[in-house]
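Before any comments, here is the structure.
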Amino acid sequence: MQGNLSRPTSKTLGEIVLSIVSVFYIVVNVLWFLPAYGWRERLLEPVKMWWQFWGLGQQWSMFSCDLRHFNLHTLATLTFADGTVMLWEPPRMERLNLWDGFRLQRFRKWDVDYLPTEYYREFCPDLARYLGRLNYNPQNKPMSFALHVLSAQIPEVDKVFIKRGELPEHTKYSTIFVYKFSDRDWR
Amino acid sequence: MILAGCWQRWCKFWFEPKSPLPLAIFRILFGLIAMQNAIVHTWPGFLSWYGLNGIVSIDSVVGHYWDGLPRLDLILLLPRSDEWIIAFFWTYVLAIFFLTIGFGTRYSAAFMALALISFRQHDTFNLHGGDTFERLAAVFLTFSPAGEALSVDSMLKHRRIPSSEPMRYCPWAQRMLQVQVALIYAHSFVSKLFVPQWLDGTAVYYATRIDNLVHLPMSWLFDNLAVCKLLTWFTLIVEFSMFTLVWLKKVRYIVLAAALILHLGVDAALSVPVFEWLMIVSFINFVEPADLSRWMTAAKRIISAKFRLRLSAD
């Protein structure tokens with residue numbers, strides 16, 4: 001029988017450690033990508049806290065489960081003490097020139113992918129206070145804030161083939177959040 | 001015996017020393033895109049996102065997003081003032097600049113990674129795929145020899161220790177960057193398999209009708225259902241190949257060329273700039289250093305020949 005029973009060198013040890021890190025990274029990410037099955041949650045439980053602490057979480061399901069069949073944008077209204085209503089619209093990419101649309105990309109993502117979602121409702125009071133503060137006038141205080149979504153269905157391709165330049169206006173309207181300001185908001 | 005063979009092949013893949021040239025070129029292009037992302041996209045309205053009186057308060061983020069768990073957020077360690085947050089941002093931009101020129105490369109990459117993690121934790125609603133990739137890539141660059149070529153660090157090192165030998169380094173971090181890219185395509189591909197529109201070929205029709213994503217209209221291409229279907233299936237084939245066939249040397253460059261066409265097409269049609277560019281530059285990590293050197297030499301020869309021709313014409 002041949003063989004050398006030599007002690008592992010520090011290089012080999014380093015390779016073993018890095019191999020473990022590599023396999024661990026791949027396995028955790030594959031689990032991270034899976035739907036929230038019970039067993040997946042149990043397997044991820046011990047690492048979840050540290051994974052999130054270091055910002056290692058990732059999702060790449062682009063244009064798949066979130067492939068939209070409708071277009072939308074949001075619109076906020078501030079109602080002041082004297083009854084006037086102010087409209088506030090996040091930048092709309094389709095109405096901006098190429099440079100401004102490029103520059104303000106982050107607002108597009110926020111306006112369409114985050115603001116209208118159920119998850120964002122928890123943060124809507126913050127948005128209300130933010131806009132209220134920006135437009136605060138002690139003689140005519142903002143009284144309420146409302147967030148609306150305007151949308152339009154993209155016609156089903158097997159019924160009507162719509163051209164890219166002929167998309168319908170966003171005419172379907174719904175109010176998704178209302179907030180009444182109190183004096184505490186201005187402190 | 002079989003196990004030992006597997007371990008050897010595994011070690012060869014992850015640890016056999018290689019030239020740092022692809023990583024160095026990736027570092028430079030990655031840095032330029034990250035700089036653009038920071039200055040052009042993040043700086044406008046910076047305080048609306050991260051300021052003390054921003055759209056979302058940090059108390060709400062901690063209360064609703066952090067789920068009562070600890071998160072790394074260096075911004076919270078700063079004195080509570082907008083000036084400090086702005087200073088943090090410009091230090092981050094400086095770190096990107098240093099990373100790009102390869103000065104204190106590992107430290108610059110580490111600071112960039114920590115800053116990106118902090119921005120992510122501080123306001124989760126100002127985040128896109130490009131930011132996520134930047135964050136993860138910066139982590140791997142911290143552990144990489146990306147500063148060992150085409151950098152101020154390597155210039156200073158060679159001045160101290162002159163060497164004519166081409167330097168080779170453990171490519172583990174470069175492999176991790178490759179694996180990260182493959183994971184992106186794998187997740188993207190598998191999630192698409194559960195969406196009927198990707199299978200029946202109409203996904204590109206719907207994706208190109210999202211009005212706030214329209215970049216260049218390109219009606220001649222996308223106003224044709226057959227083309228939309230072909231492009232849908234082309235996307236699936238490319239995404240599948242980018243985590244499977246890309247590992248085979250024989251077909252790697254064909255796969256990368258197809259993926260390049262896909263990303264250039266998406267960039268022209270849809271407005272998702274940073275992510276597409278980052279994906280394209282990440283392909284450099286898949287190129288063999290010898291091929292890269294050959295292409296660079298050929299490019300240099302062509303440029304210098306043109307320059308000489310112009311000079312002689314003048």
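Labels for the structure tokens follow display order: chains A, B, ..., residues from 1 in each chain, ligands from 1.
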
Exercise answer, chain B residues close to chain A, 6 Å and only C-alpha atoms, as a PyMOL selection string: chain B and resi 40-41+55-56+71-72+117+184+187-188+191-192+209-210+212+223

Near-Phe145 of chain A list (8 Å; only C-alpha atoms; drop same-chain fewer than 4 positions) as a PyMOL selection string: chain A and resi 76-79+128+132+178-181

Would you save the residues from that selection as a PDB file, in the first residue's frame, using N, CA, C and O atoms?
ATOM      1  N   ALA A  76     -50.255  61.173  -4.911  1.00  0.00           N
ATOM      2  CA  ALA A  76     -50.604  61.499  -3.522  1.00  0.00           C
ATOM      3  C   ALA A  76     -51.354  62.821  -3.501  1.00  0.00           C
ATOM      4  O   ALA A  76     -51.106  63.697  -4.345  1.00  0.00           O
ATOM      5  N   THR A  77     -52.279  62.958  -2.571  1.00  0.00           N
ATOM      6  CA  THR A  77     -52.973  64.247  -2.424  1.00  0.00           C
ATOM      7  C   THR A  77     -52.832  64.710  -0.985  1.00  0.00           C
ATOM      8  O   THR A  77     -52.938  63.918  -0.054  1.00  0.00           O
ATOM      9  N   LEU A  78     -52.576  66.011  -0.844  1.00  0.00           N
ATOM     10  CA  LEU A  78     -52.525  66.628   0.486  1.00  0.00           C
ATOM     11  C   LEU A  78     -53.679  67.613   0.552  1.00  0.00           C
ATOM     12  O   LEU A  78     -53.820  68.469  -0.330  1.00  0.00           O
ATOM     13  N   THR A  79     -54.523  67.490   1.569  1.00  0.00           N
ATOM     14  CA  THR A  79     -55.630  68.436   1.720  1.00  0.00           C
ATOM     15  C   THR A  79     -55.288  69.387   2.863  1.00  0.00           C
ATOM     16  O   THR A  79     -54.907  68.941   3.949  1.00  0.00           O
ATOM     17  N   ALA A 128     -46.587  60.261   4.349  1.00  0.00           N
ATOM     18  CA  ALA A 128     -47.541  61.339   4.598  1.00  0.00           C
ATOM     19  C   ALA A 128     -46.856  62.469   5.367  1.00  0.00           C
ATOM     20  O   ALA A 128     -46.948  63.642   4.985  1.00  0.00           O
ATOM     21  N   GLY A 132     -46.093  66.175   4.135  1.00  0.00           N
ATOM     22  CA  GLY A 132     -46.700  67.202   4.986  1.00  0.00           C
ATOM     23  C   GLY A 132     -45.650  68.207   5.445  1.00  0.00           C
ATOM     24  O   GLY A 132     -45.866  69.421   5.377  1.00  0.00           O
ATOM     25  N   VAL A 178     -55.183  56.421   3.495  1.00  0.00           N
ATOM     26  CA  VAL A 178     -55.594  57.774   3.924  1.00  0.00           C
ATOM     27  C   VAL A 178     -54.999  58.018   5.304  1.00  0.00           C
ATOM     28  O   VAL A 178     -54.948  57.107   6.131  1.00  0.00           O
ATOM     29  N   TYR A 179     -54.521  59.223   5.517  1.00  0.00           N
ATOM     30  CA  TYR A 179     -53.904  59.562   6.808  1.00  0.00           C
ATOM     31  C   TYR A 179     -54.364  60.945   7.253  1.00  0.00           C
ATOM     32  O   TYR A 179     -54.350  61.891   6.468  1.00  0.00           O
ATOM     33  N   LYS A 180     -54.816  61.032   8.514  1.00  0.00           N
ATOM     34  CA  LYS A 180     -55.206  62.352   9.070  1.00  0.00           C
ATOM     35  C   LYS A 180     -54.056  62.846   9.944  1.00  0.00           C
ATOM     36  O   LYS A 180     -53.604  62.122  10.842  1.00  0.00           O
ATOM     37  N   PHE A 181     -53.597  64.046   9.665  1.00  0.00           N
ATOM     38  CA  PHE A 181     -52.476  64.597  10.451  1.00  0.00           C
ATOM     39  C   PHE A 181     -52.955  65.031  11.833  1.00  0.00           C
ATOM     40  O   PHE A 181     -54.113  65.438  12.000  1.00  0.00           O
TER      41      PHE A 181
END

Backbone-only DSSP, helix (DSSP H, G or I) members of segment 39-164 of chain A, as an MDAnalysis selection string: chainID A and resid 39:53 93:95 98:103 105:114 118:134 164

Could you save the residues just selected, with C-alpha atoms, as a short mmCIF file (atom, residue, chain, number, x, y, z; two decimals), in the first residue's frame?
data_model
loop_
_atom_site.label_atom_id
_atom_site.label_comp_id
_atom_site.auth_asym_id
_atom_site.auth_seq_id
_atom_site.Cartn_x
_atom_site.Cartn_y
_atom_site.Cartn_z
CA TRP A 39 -38.55 22.60 5.75
CA ARG A 40 -36.79 25.44 3.94
CA GLU A 41 -37.60 27.80 6.81
CA ARG A 42 -36.31 25.26 9.34
CA LEU A 43 -33.06 24.79 7.40
CA LEU A 44 -32.51 28.53 7.02
CA GLU A 45 -33.43 29.42 10.59
CA PRO A 46 -29.89 29.10 12.04
CA VAL A 47 -28.29 31.27 9.35
CA LYS A 48 -31.09 33.69 8.54
CA MET A 49 -30.14 36.28 11.14
CA TRP A 50 -26.51 36.50 10.06
CA TRP A 51 -27.36 36.30 6.38
CA GLN A 52 -29.61 39.32 6.76
CA PHE A 53 -27.19 41.09 9.09
CA MET A 93 -40.53 57.75 -16.57
CA GLU A 94 -42.79 57.62 -19.62
CA ARG A 95 -43.23 61.40 -19.43
CA LEU A 98 -34.17 60.03 -21.76
CA TRP A 99 -31.68 61.75 -19.44
CA ASP A 100 -34.14 62.55 -16.64
CA GLY A 101 -35.69 59.10 -16.93
CA PHE A 102 -32.20 57.62 -16.62
CA ARG A 103 -31.21 59.86 -13.71
CA GLN A 105 -34.52 55.50 -12.12
CA ARG A 106 -34.71 54.93 -8.39
CA PHE A 107 -38.00 56.81 -8.19
CA ARG A 108 -39.47 54.55 -10.88
CA LYS A 109 -38.68 51.47 -8.88
CA TRP A 110 -40.09 53.02 -5.71
CA ASP A 111 -43.22 54.43 -7.38
CA VAL A 112 -44.24 51.21 -9.08
CA ASP A 113 -42.61 48.29 -7.28
CA TYR A 114 -42.87 49.43 -3.66
CA GLU A 118 -49.51 45.96 0.73
CA TYR A 119 -46.12 45.73 2.46
CA TYR A 120 -45.48 49.45 2.04
CA ARG A 121 -48.69 50.39 3.97
CA GLU A 122 -46.68 50.24 7.19
CA PHE A 123 -44.46 53.00 5.79
CA CYS A 124 -47.20 55.20 4.30
CA PRO A 125 -47.58 57.32 7.46
CA ASP A 126 -43.90 58.24 7.03
CA LEU A 127 -44.53 59.30 3.45
CA ALA A 128 -47.54 61.34 4.60
CA ARG A 129 -45.45 63.13 7.22
CA TYR A 130 -42.60 63.66 4.72
CA LEU A 131 -44.87 65.38 2.20
CA GLY A 132 -46.70 67.20 4.99
CA ARG A 133 -43.40 68.58 6.31
CA LEU A 134 -42.28 69.66 2.84
CA ARG A 164 -45.84 49.53 -27.81
#
